[in-house]
>>> print(open('my_file.cif').read())   # mmCIF, C-alpha atoms
data_run
#
loop_
_atom_site.label_atom_id
_atom_site.label_comp_id
_atom_site.auth_asym_id
_atom_site.auth_seq_id
_atom_site.Cartn_x
_atom_site.Cartn_y
_atom_site.Cartn_z
CA MET A 1 100.62 99.54 80.91
CA ALA A 2 99.87 96.87 78.31
CA ASP A 3 99.33 98.00 74.74
CA ASN A 4 95.67 97.01 74.86
CA THR A 5 95.07 99.95 77.24
CA LEU A 6 96.20 102.47 74.62
CA PRO A 7 92.79 102.98 72.94
CA VAL A 8 90.97 103.83 76.17
CA MET A 9 93.84 106.05 77.36
CA ALA A 10 93.69 107.95 74.07
CA GLU A 11 89.94 108.42 74.50
CA ILE A 12 90.36 109.60 78.09
CA ALA A 13 93.00 112.12 76.99
CA ALA A 14 90.66 113.46 74.31
CA TYR A 15 87.79 113.55 76.84
CA ALA A 16 89.96 115.58 79.25
CA GLU A 17 90.85 117.98 76.45
CA ARG A 18 87.17 118.60 75.71
CA ARG A 19 85.96 118.81 79.29
CA LEU A 20 88.81 120.85 80.71
CA ARG A 21 89.38 122.85 77.51
CA LEU A 22 93.01 121.93 77.90
CA PRO A 23 95.23 121.07 74.92
CA THR A 24 96.51 117.52 75.32
CA GLU A 25 98.82 115.21 73.42
CA PHE A 26 98.56 111.44 73.76
CA ILE A 27 101.99 109.87 73.34
CA ASP A 28 102.04 106.27 72.14
CA GLN A 29 104.57 106.42 69.31
CA ILE A 30 107.54 105.40 71.48
CA PRO A 31 108.17 102.33 73.70
CA TRP A 32 106.73 102.43 77.20
CA GLN A 33 110.24 102.56 78.69
CA GLN A 34 110.87 105.86 76.92
CA ARG A 35 107.47 107.15 77.98
CA GLU A 36 108.32 106.37 81.60
CA GLU A 37 111.68 108.13 81.28
CA ARG A 38 109.94 111.20 79.89
CA PHE A 39 107.42 111.08 82.74
CA ASP A 40 110.29 110.94 85.24
CA ARG A 41 111.77 114.06 83.64
CA GLY A 42 108.43 115.87 83.80
CA GLU A 43 108.08 115.91 80.01
CA ILE A 44 104.96 113.73 80.21
CA GLN A 45 102.59 114.94 82.90
CA VAL A 46 100.09 112.08 83.35
CA CYS A 47 100.57 108.34 83.06
CA TRP A 48 99.03 104.99 84.00
CA ILE A 49 101.69 102.81 85.58
CA CYS A 50 102.18 99.45 87.30
CA GLY A 51 102.15 99.43 91.10
CA VAL A 52 105.80 98.34 91.40
CA PRO A 53 107.34 101.33 89.60
CA TYR A 54 104.82 103.55 91.40
CA VAL A 55 106.07 102.52 94.86
CA GLN A 56 109.68 102.73 93.68
CA LYS A 57 109.11 106.33 92.58
CA ALA A 58 106.99 107.25 95.61
CA ASP A 59 109.62 105.94 98.03
CA GLN A 60 112.38 108.15 96.62
CA PRO A 61 113.32 111.30 98.57
CA ASN A 62 111.10 114.20 97.47
CA PRO A 63 109.10 112.29 94.86
CA GLN A 64 107.86 114.44 91.99
CA ILE A 65 104.63 112.48 91.50
CA GLU A 66 101.14 112.42 92.92
CA LEU A 67 98.34 109.86 92.75
CA LEU A 68 95.34 110.87 90.65
CA ALA A 69 93.05 107.84 90.87
CA ALA A 70 92.89 104.10 90.22
CA PRO A 71 90.51 102.17 87.98
CA VAL A 72 87.78 99.82 89.10
CA MET A 73 87.33 97.21 86.41
CA GLN A 74 84.02 95.80 85.18
CA GLY A 75 83.08 92.32 86.37
CA ASP A 76 81.97 90.67 89.59
CA ARG A 77 85.46 89.39 90.42
CA TYR A 78 86.63 92.97 91.00
CA GLN A 79 84.07 93.49 93.80
CA ASN A 80 83.59 97.14 92.81
CA ARG A 81 87.08 97.81 94.20
CA PRO A 82 90.36 99.08 92.65
CA ILE A 83 91.95 95.62 92.47
CA TYR A 84 93.11 93.16 89.84
CA PHE A 85 94.55 89.64 89.61
CA SER A 86 97.15 87.50 87.88
CA ASP A 87 95.65 84.51 86.08
CA VAL A 88 97.99 81.53 85.69
CA VAL A 89 97.41 80.40 82.12
CA VAL A 90 98.32 77.16 80.31
CA ARG A 91 97.38 75.75 76.93
CA ARG A 92 94.18 73.73 77.18
CA ASP A 93 95.77 70.49 75.95
CA ARG A 94 98.51 70.54 78.60
CA PRO A 95 98.12 68.33 81.69
CA PHE A 96 98.60 70.99 84.39
CA GLN A 97 95.66 71.37 86.78
CA GLN A 98 97.04 73.62 89.54
CA PHE A 99 100.03 75.85 90.19
CA THR A 100 102.02 73.18 92.02
CA ASP A 101 101.85 70.99 88.89
CA LEU A 102 104.16 73.51 87.21
CA ARG A 103 107.28 72.35 89.05
CA GLY A 104 109.98 71.91 86.39
CA ALA A 105 107.82 73.56 83.69
CA ARG A 106 108.79 76.27 81.21
CA TRP A 107 107.61 79.66 82.52
CA ALA A 108 107.39 83.09 80.88
CA TYR A 109 107.15 86.43 82.67
CA ASN A 110 106.61 89.74 80.96
CA GLU A 111 109.29 91.93 82.54
CA PRO A 112 110.99 92.30 85.93
CA ARG A 113 109.29 95.53 87.00
CA SER A 114 105.84 94.03 86.58
CA HIS A 115 103.86 93.23 89.70
CA SER A 116 101.28 90.97 88.06
CA GLY A 117 103.73 89.07 85.87
CA TYR A 118 106.85 88.84 88.03
CA VAL A 119 106.77 90.09 91.62
CA LEU A 120 103.48 88.40 92.47
CA THR A 121 104.69 85.03 91.12
CA ARG A 122 107.79 85.20 93.30
CA TYR A 123 105.67 86.20 96.29
CA HIS A 124 103.37 83.24 95.65
CA LEU A 125 106.38 80.91 95.53
CA ALA A 126 107.54 82.34 98.86
CA MET A 127 104.14 81.52 100.35
CA LEU A 128 104.66 77.95 99.07
CA GLU A 129 108.07 77.97 100.79
CA GLU A 130 109.81 77.72 97.42
CA SER A 131 112.83 79.99 97.10
CA ARG A 132 114.75 78.71 94.07
CA GLY A 133 114.53 76.30 91.18
CA PHE A 134 110.76 75.71 91.10
CA PHE A 135 110.46 76.19 87.32
CA GLY A 136 112.62 74.22 84.89
CA SER A 137 113.30 77.24 82.67
CA VAL A 138 112.27 80.89 82.69
CA VAL A 139 112.17 83.43 79.86
CA GLU A 140 111.43 87.16 79.82
CA SER A 141 108.91 87.72 77.03
CA GLY A 142 108.66 91.51 77.17
CA ALA A 143 104.87 91.76 77.43
CA HIS A 144 101.87 89.82 78.73
CA GLN A 145 100.50 89.47 75.20
CA ILE A 146 103.78 87.90 74.06
CA SER A 147 103.73 85.49 77.01
CA LEU A 148 100.25 84.45 75.94
CA GLN A 149 101.42 83.83 72.38
CA GLN A 150 104.33 81.77 73.66
CA ILE A 151 101.90 79.59 75.58
CA LEU A 152 99.76 79.08 72.49
CA SER A 153 102.79 78.22 70.33
CA GLY A 154 104.13 75.75 72.88
CA GLU A 155 107.34 77.71 73.50
CA VAL A 156 106.49 77.84 77.21
CA ASP A 157 104.07 75.98 79.44
CA ALA A 158 102.61 78.76 81.55
CA SER A 159 102.65 82.40 82.64
CA ALA A 160 100.90 84.74 85.09
CA ILE A 161 98.85 87.12 82.96
CA ASP A 162 97.34 90.37 84.21
CA SER A 163 93.62 89.56 84.48
CA THR A 164 92.61 92.75 82.67
CA VAL A 165 94.97 91.96 79.78
CA LEU A 166 93.62 88.42 79.53
CA GLU A 167 90.00 89.54 79.61
CA HIS A 168 90.67 92.05 76.86
CA ALA A 169 92.34 89.36 74.74
CA LEU A 170 89.32 87.09 75.24
CA ARG A 171 86.96 89.89 74.20
CA GLU A 172 88.99 90.43 71.04
CA ASP A 173 89.25 86.74 70.14
CA ALA A 174 86.54 84.43 71.48
CA SER A 175 88.36 81.37 70.09
CA LEU A 176 91.09 81.93 72.65
CA GLN A 177 88.77 80.51 75.31
CA ARG A 178 88.99 77.11 73.60
CA GLN A 179 92.78 77.20 73.49
CA ILE A 180 93.76 78.10 77.07
CA ARG A 181 92.88 77.29 80.68
CA VAL A 182 93.33 79.28 83.89
CA ILE A 183 94.65 76.88 86.52
CA ASP A 184 95.11 79.36 89.37
CA THR A 185 94.56 83.00 90.22
CA LEU A 186 97.00 85.10 92.26
CA GLY A 187 95.87 88.19 94.12
CA PRO A 188 93.98 90.43 94.43
CA SER A 189 96.45 93.30 94.23
CA PRO A 190 95.94 97.08 94.20
CA SER A 191 95.08 98.40 90.73
CA PRO A 192 97.81 100.16 88.76
CA PRO A 193 97.31 103.87 89.47
CA TRP A 194 97.12 106.96 87.30
CA LEU A 195 99.82 109.46 88.29
CA VAL A 196 100.43 113.13 87.69
CA SER A 197 103.73 114.98 87.79
CA THR A 198 104.00 117.67 90.46
CA THR A 199 105.30 119.96 87.71
CA VAL A 200 101.59 120.38 86.91
CA PRO A 201 100.03 123.26 88.91
CA ALA A 202 98.13 122.08 91.99
CA ALA A 203 94.81 123.52 90.80
CA LEU A 204 95.05 121.60 87.54
CA ARG A 205 95.98 118.41 89.38
CA THR A 206 92.77 118.81 91.39
CA ARG A 207 90.72 119.31 88.23
CA LEU A 208 92.25 116.23 86.60
CA ARG A 209 91.52 114.12 89.67
CA SER A 210 87.91 115.30 89.77
CA LEU A 211 87.52 114.64 86.06
CA LEU A 212 88.56 111.01 86.45
CA VAL A 213 86.47 110.17 89.51
CA GLN A 214 83.37 111.87 88.06
CA MET A 215 83.77 110.35 84.60
CA SER A 216 81.42 107.43 85.28
CA ASP A 217 78.63 109.87 86.21
CA ASP A 218 78.72 111.42 82.74
CA PRO A 219 77.10 109.36 79.94
CA GLU A 220 79.90 110.16 77.51
CA GLY A 221 82.55 109.38 80.07
CA ALA A 222 80.85 106.16 81.16
CA GLU A 223 80.70 105.00 77.53
CA ILE A 224 84.43 105.59 77.09
CA LEU A 225 85.21 103.68 80.27
CA ALA A 226 82.99 100.78 79.26
CA ARG A 227 84.83 100.39 75.95
CA GLY A 228 88.02 99.84 77.94
CA GLY A 229 86.44 97.44 80.43
CA LEU A 230 86.52 100.04 83.22
CA ALA A 231 83.61 100.72 85.56
CA ARG A 232 84.90 103.90 87.18
CA PHE A 233 87.87 105.64 88.81
CA VAL A 234 88.23 106.03 92.57
CA LEU A 235 90.52 108.00 94.82
CA VAL A 236 93.45 106.08 96.31
CA SER A 237 96.20 106.94 98.76
CA ASP A 238 99.82 105.88 99.01
CA ARG A 239 99.06 103.45 101.84
CA ASP A 240 96.74 101.54 99.50
CA TYR A 241 99.94 100.35 97.79
CA ASP A 242 101.56 99.02 100.97
CA PRO A 243 100.55 95.45 99.98
CA ILE A 244 102.77 95.78 96.91
CA ARG A 245 105.64 97.01 99.06
CA HIS A 246 105.12 94.02 101.37
CA MET A 247 104.97 91.49 98.52
CA GLN A 248 107.99 93.02 96.78
CA GLN A 249 110.06 92.74 99.96
CA ILE A 250 109.22 89.06 100.42
CA ALA A 251 109.59 88.28 96.70
CA ALA A 252 113.15 89.63 96.68
CA ALA A 253 114.43 86.40 98.26
CA VAL A 254 112.88 84.17 95.56
CA SER A 255 114.27 83.13 92.16
CA LEU A 256 111.95 81.68 89.55
CA SER A 257 114.48 79.09 88.38
CA GLY A 258 117.73 77.60 89.59
CA SER A 259 119.71 79.49 86.93
CA GLU A 260 118.12 82.90 87.54
CA ALA A 261 120.30 85.45 89.30
#
>>> encode(input="my_file.cif", output="structure tokens")
Amino acid sequence: MADNTLPVMAEIAAYAERRLRLPTEFIDQIPWQQREERFDRGEIQVCWICGVPYVQKADQPNPQIELLAAPVMQGDRYQNRPIYFSDVVVRRDRPFQQFTDLRGARWAYNEPRSHSGYVLTRYHLAMLEESRGFFGSVVESGAHQISLQQILSGEVDASAIDSTVLEHALREDASLQRQIRVIDTLGPSPSPPWLVSTTVPAALRTRLRSLLVQMSDDPEGAEILARGGLARFVLVSDRDYDPIRHMQQIAAAVSLSGSEA
């Protein structure tokens, strides 16, 4: 997940340690790619991950993962459901008014295994019956926050930013509201889930799941969630992520630019 989720994840890990009386270690000192590799090897037991890598892992033979829960974000737009959006962002002084105005524009995406920043954009282009060459140029920024900075600096014209990342950035810097505009919103999509490795004993997996979904009922837990912009956690099932499978399948036939492989 984006780096701006790290503080709330650290607090949730510490909360779990206190409530479950279970020694925990929050790992944020290495890049997320290495964290995911360690999770795949069972060396990290719990993680919060994008829906695309979740379905890729879940669809492997004998997957060694299990869903814990998914977050419901604060705010009316989330309808008290485990969903999120991709906001199409441009600099305020640019002329673009809607997504279709971006034909030939400079586009940034965060990374190719991101649903909100990459797969969903390609799916949206498929729905517009655009399969190749819509954008003039495309760059991989590496992170939503970097895409946002590239928009502000004028390096690119637009990007699809995870709505939770954008809202956090706006909370941190109110002046950002005067510098950008959202010209379209893609989604909703299923919220990125929290996963647990099946190397964790089943009884402990059950306790972890209960801890998350009951967290909003506890004043201390609710306060931690609120600091991260979360309302609560809810139970989810694998079929809740079928929309991502569907969008990924359709998006596979779409290139963001004429030069993209």
>>> resolve_selection(input="my_file.cif", expression="the PyMOL selection byres ((chain A and resi 244) around 9)", output="PyMOL selection string")
chain A and resi 51-52+55+115+119-120+189-190+240-243+245-249
>>> closest_residue(input="my_file.cif", among="A:Gly154, A:Pro112, A:Pro63, A:Pro219", to="Arg91 of chain A", atoms="only C-alpha atoms")
A:Gly154
>>> resolve_selection(input="my_file.cif", expression="the PyMOL selection byres ((chain A and resi 220) around 12)", output="count of residues only")
20
>>> resolve_selection(input="my_file.cif", expression="the PyMOL selection byres ((chain A and resi 165) around 12)", output="JSON, numbers by chain")
{"A": [1, 2, 3, 4, 5, 6, 73, 84, 85, 86, 87, 110, 116, 117, 143, 144, 145, 146, 147, 148, 160, 161, 162, 163, 164, 166, 167, 168, 169, 170, 171, 172, 228, 229]}
>>> closest_residue(input="my_file.cif", among="A:Leu125, A:Val234, A:Ile180, A:Leu195", to="Ser153 of chain A", atoms="only C-alpha atoms")
A:Ile180
>>> residues_near_point(input="my_file.cif", point="(107.9, 100.4, 76.1)", cutoff="10 Å", atoms="all atoms listed in the file", output="mmCIF file with C-alpha atoms, in the frame of the given file")
data_model
loop_
_atom_site.group_PDB
_atom_site.id
_atom_site.type_symbol
_atom_site.label_atom_id
_atom_site.label_comp_id
_atom_site.auth_asym_id
_atom_site.auth_seq_id
_atom_site.Cartn_x
_atom_site.Cartn_y
_atom_site.Cartn_z
ATOM 1 C CA MET A 1 100.620 99.540 80.910
ATOM 2 C CA ALA A 2 99.870 96.870 78.310
ATOM 3 C CA ASP A 3 99.330 98.000 74.740
ATOM 4 C CA ASP A 28 102.040 106.270 72.140
ATOM 5 C CA GLN A 29 104.570 106.420 69.310
ATOM 6 C CA ILE A 30 107.540 105.400 71.480
ATOM 7 C CA PRO A 31 108.170 102.330 73.700
ATOM 8 C CA TRP A 32 106.730 102.430 77.200
ATOM 9 C CA GLN A 33 110.240 102.560 78.690
ATOM 10 C CA GLN A 34 110.870 105.860 76.920
ATOM 11 C CA ARG A 35 107.470 107.150 77.980
ATOM 12 C CA GLU A 36 108.320 106.370 81.600
ATOM 13 C CA GLY A 142 108.660 91.510 77.170
ATOM 14 C CA ALA A 143 104.870 91.760 77.430
#
>>> closest_residue(input="my_file.cif", among="A:Tyr78, A:Tyr123, A:Phe39, A:Phe135", to="Arg106 of chain A", atoms="all atoms listed in the file")
A:Phe135
>>> atom_distance(input="my_file.cif", atom1="atom CA of Ser237 of chain A", atom2="atom CA of Arg77 of chain A")
22.2 Å
>>> axis_aligned_box(input="my_file.cif", around="segment 119-125 of chain A", padding_each_side="6 Å", output="lines of an AutoDock Vina configuration file")
center_x = 105.6
center_y = 85.5
center_z = 93.7
size_x = 16.4
size_y = 21.2
size_z = 17.2
>>> residues_around(input="my_file.cif", residues="Thr198 of chain A", least_positions_apart="6", cutoff="9 Å", atoms="only C-alpha atoms", output="ChimeraX atom specification")
/A:42,45,63-66,205
>>> closest_residue(input="my_file.cif", among="A:Leu212, A:Val88, A:Leu67, A:Leu186", to="Arg232 of chain A", atoms="only C-alpha atoms")
A:Leu212
>>> atom_distance(input="my_file.cif", atom1="atom CA of Leu176 of chain A", atom2="atom CA of Gln149 of chain A")
10.5 Å
>>> residues_around(input="my_file.cif", residues="Ser191 of chain A", least_positions_apart="4", cutoff="7 Å", atoms="all atoms listed in the file", output="PyMOL selection string")
chain A and resi 70-71+82-84
>>> atom_distance(input="my_file.cif", atom1="atom CA of Gln98 of chain A", atom2="atom CA of Asp184 of chain A")
6.1 Å
>>> decode(input="my_file.cif", residues="segment 69-84 of chain A", atoms="all heavy atoms", output="mmCIF file, in the first residue's frame")
data_model
loop_
_atom_site.group_PDB
_atom_site.id
_atom_site.type_symbol
_atom_site.label_atom_id
_atom_site.label_comp_id
_atom_site.auth_asym_id
_atom_site.auth_seq_id
_atom_site.Cartn_x
_atom_site.Cartn_y
_atom_site.Cartn_z
ATOM 1 N N ALA A 69 -9.782 -9.126 6.449
ATOM 2 C CA ALA A 69 -10.856 -8.137 6.426
ATOM 3 C C ALA A 69 -10.478 -7.070 5.406
ATOM 4 O O ALA A 69 -9.372 -7.078 4.860
ATOM 5 C CB ALA A 69 -11.050 -7.511 7.807
ATOM 6 N N ALA A 70 -11.399 -6.150 5.162
ATOM 7 C CA ALA A 70 -11.120 -5.016 4.275
ATOM 8 C C ALA A 70 -11.611 -3.746 4.946
ATOM 9 O O ALA A 70 -12.613 -3.760 5.686
ATOM 10 C CB ALA A 70 -11.789 -5.201 2.918
ATOM 11 N N PRO A 71 -10.945 -2.629 4.697
ATOM 12 C CA PRO A 71 -11.333 -1.385 5.357
ATOM 13 C C PRO A 71 -12.517 -0.700 4.691
ATOM 14 O O PRO A 71 -12.675 -0.735 3.468
ATOM 15 C CB PRO A 71 -10.065 -0.523 5.221
ATOM 16 C CG PRO A 71 -9.432 -1.010 3.953
ATOM 17 C CD PRO A 71 -9.721 -2.487 3.900
ATOM 18 N N VAL A 72 -13.318 -0.085 5.513
ATOM 19 C CA VAL A 72 -14.341 0.874 5.062
ATOM 20 C C VAL A 72 -13.806 2.249 5.416
ATOM 21 O O VAL A 72 -13.499 2.524 6.579
ATOM 22 C CB VAL A 72 -15.692 0.621 5.754
ATOM 23 C CG1 VAL A 72 -16.702 1.705 5.377
ATOM 24 C CG2 VAL A 72 -16.228 -0.766 5.411
ATOM 25 N N MET A 73 -13.675 3.102 4.429
ATOM 26 C CA MET A 73 -13.088 4.411 4.655
ATOM 27 C C MET A 73 -14.136 5.404 5.153
ATOM 28 O O MET A 73 -15.343 5.244 4.912
ATOM 29 C CB MET A 73 -12.443 4.941 3.374
ATOM 30 C CG MET A 73 -11.432 3.988 2.744
ATOM 31 S SD MET A 73 -10.120 3.428 3.868
ATOM 32 C CE MET A 73 -9.263 4.991 4.171
ATOM 33 N N GLN A 74 -13.678 6.441 5.831
ATOM 34 C CA GLN A 74 -14.564 7.521 6.264
ATOM 35 C C GLN A 74 -14.991 8.353 5.058
ATOM 36 O O GLN A 74 -14.245 8.485 4.091
ATOM 37 C CB GLN A 74 -13.852 8.416 7.275
ATOM 38 C CG GLN A 74 -13.508 7.749 8.579
ATOM 39 C CD GLN A 74 -12.734 8.665 9.504
ATOM 40 O OE1 GLN A 74 -12.142 9.642 9.072
ATOM 41 N NE2 GLN A 74 -12.728 8.349 10.789
ATOM 42 N N GLY A 75 -16.193 8.909 5.125
ATOM 43 C CA GLY A 75 -16.659 9.789 4.063
ATOM 44 C C GLY A 75 -17.883 9.226 3.374
ATOM 45 O O GLY A 75 -18.006 8.011 3.162
ATOM 46 N N ASP A 76 -18.792 10.120 3.007
ATOM 47 C CA ASP A 76 -20.051 9.704 2.391
ATOM 48 C C ASP A 76 -19.855 8.954 1.083
ATOM 49 O O ASP A 76 -20.646 8.057 0.748
ATOM 50 C CB ASP A 76 -20.946 10.925 2.140
ATOM 51 C CG ASP A 76 -21.447 11.562 3.421
ATOM 52 O OD1 ASP A 76 -21.398 10.885 4.476
ATOM 53 O OD2 ASP A 76 -21.877 12.727 3.380
ATOM 54 N N ARG A 77 -18.810 9.301 0.320
ATOM 55 C CA ARG A 77 -18.630 8.682 -0.988
ATOM 56 C C ARG A 77 -18.413 7.177 -0.885
ATOM 57 O O ARG A 77 -18.651 6.441 -1.859
ATOM 58 C CB ARG A 77 -17.472 9.346 -1.736
ATOM 59 C CG ARG A 77 -16.102 9.004 -1.209
ATOM 60 C CD ARG A 77 -14.975 9.793 -1.869
ATOM 61 N NE ARG A 77 -14.919 9.636 -3.298
ATOM 62 C CZ ARG A 77 -13.893 10.026 -4.054
ATOM 63 N NH1 ARG A 77 -12.841 10.610 -3.492
ATOM 64 N NH2 ARG A 77 -13.903 9.850 -5.352
ATOM 65 N N TYR A 78 -17.969 6.701 0.292
ATOM 66 C CA TYR A 78 -17.682 5.279 0.444
ATOM 67 C C TYR A 78 -18.907 4.468 0.868
ATOM 68 O O TYR A 78 -18.816 3.238 0.959
ATOM 69 C CB TYR A 78 -16.522 5.091 1.419
ATOM 70 C CG TYR A 78 -15.253 5.741 0.892
ATOM 71 C CD1 TYR A 78 -14.793 6.940 1.439
ATOM 72 C CD2 TYR A 78 -14.553 5.199 -0.171
ATOM 73 C CE1 TYR A 78 -13.653 7.559 0.942
ATOM 74 C CE2 TYR A 78 -13.420 5.817 -0.679
ATOM 75 C CZ TYR A 78 -12.976 7.000 -0.121
ATOM 76 O OH TYR A 78 -11.865 7.617 -0.623
ATOM 77 N N GLN A 79 -20.025 5.137 1.112
ATOM 78 C CA GLN A 79 -21.330 4.483 1.299
ATOM 79 C C GLN A 79 -21.312 3.412 2.394
ATOM 80 O O GLN A 79 -22.065 2.449 2.357
ATOM 81 C CB GLN A 79 -21.785 3.846 -0.025
ATOM 82 C CG GLN A 79 -21.780 4.794 -1.216
ATOM 83 C CD GLN A 79 -21.847 4.048 -2.530
ATOM 84 O OE1 GLN A 79 -22.589 3.069 -2.683
ATOM 85 N NE2 GLN A 79 -21.079 4.491 -3.518
ATOM 86 N N ASN A 80 -20.402 3.571 3.363
ATOM 87 C CA ASN A 80 -20.269 2.595 4.449
ATOM 88 C C ASN A 80 -19.994 1.188 3.922
ATOM 89 O O ASN A 80 -20.432 0.194 4.490
ATOM 90 C CB ASN A 80 -21.527 2.588 5.333
ATOM 91 C CG ASN A 80 -21.259 2.026 6.711
ATOM 92 O OD1 ASN A 80 -20.157 2.117 7.240
ATOM 93 N ND2 ASN A 80 -22.271 1.407 7.308
ATOM 94 N N ARG A 81 -19.256 1.127 2.810
ATOM 95 C CA ARG A 81 -18.929 -0.141 2.152
ATOM 96 C C ARG A 81 -17.408 -0.243 1.954
ATOM 97 O O ARG A 81 -16.721 0.774 1.911
ATOM 98 C CB ARG A 81 -19.620 -0.234 0.779
ATOM 99 C CG ARG A 81 -21.131 -0.234 0.820
ATOM 100 C CD ARG A 81 -21.680 0.030 -0.586
ATOM 101 N NE ARG A 81 -21.129 -0.905 -1.571
ATOM 102 C CZ ARG A 81 -21.082 -0.648 -2.890
ATOM 103 N NH1 ARG A 81 -21.518 0.510 -3.371
ATOM 104 N NH2 ARG A 81 -20.577 -1.551 -3.724
ATOM 105 N N PRO A 82 -16.873 -1.455 1.794
ATOM 106 C CA PRO A 82 -15.439 -1.623 1.549
ATOM 107 C C PRO A 82 -15.098 -1.380 0.078
ATOM 108 O O PRO A 82 -14.809 -2.309 -0.684
ATOM 109 C CB PRO A 82 -15.183 -3.074 1.976
ATOM 110 C CG PRO A 82 -16.478 -3.771 1.683
ATOM 111 C CD PRO A 82 -17.560 -2.763 1.981
ATOM 112 N N ILE A 83 -15.137 -0.119 -0.318
ATOM 113 C CA ILE A 83 -14.870 0.279 -1.698
ATOM 114 C C ILE A 83 -13.925 1.478 -1.700
ATOM 115 O O ILE A 83 -13.725 2.129 -0.665
ATOM 116 C CB ILE A 83 -16.158 0.650 -2.466
ATOM 117 C CG1 ILE A 83 -16.892 1.790 -1.746
ATOM 118 C CG2 ILE A 83 -17.059 -0.573 -2.641
ATOM 119 C CD1 ILE A 83 -18.091 2.350 -2.492
ATOM 120 N N TYR A 84 -13.365 1.768 -2.874
ATOM 121 C CA TYR A 84 -12.593 2.987 -3.052
ATOM 122 C C TYR A 84 -12.644 3.375 -4.521
ATOM 123 O O TYR A 84 -13.276 2.684 -5.337
ATOM 124 C CB TYR A 84 -11.164 2.833 -2.540
ATOM 125 C CG TYR A 84 -10.218 2.025 -3.406
ATOM 126 C CD1 TYR A 84 -8.975 2.554 -3.785
ATOM 127 C CD2 TYR A 84 -10.524 0.727 -3.834
ATOM 128 C CE1 TYR A 84 -8.086 1.820 -4.565
ATOM 129 C CE2 TYR A 84 -9.640 -0.006 -4.593
ATOM 130 C CZ TYR A 84 -8.426 0.544 -4.964
ATOM 131 O OH TYR A 84 -7.553 -0.186 -5.736
#
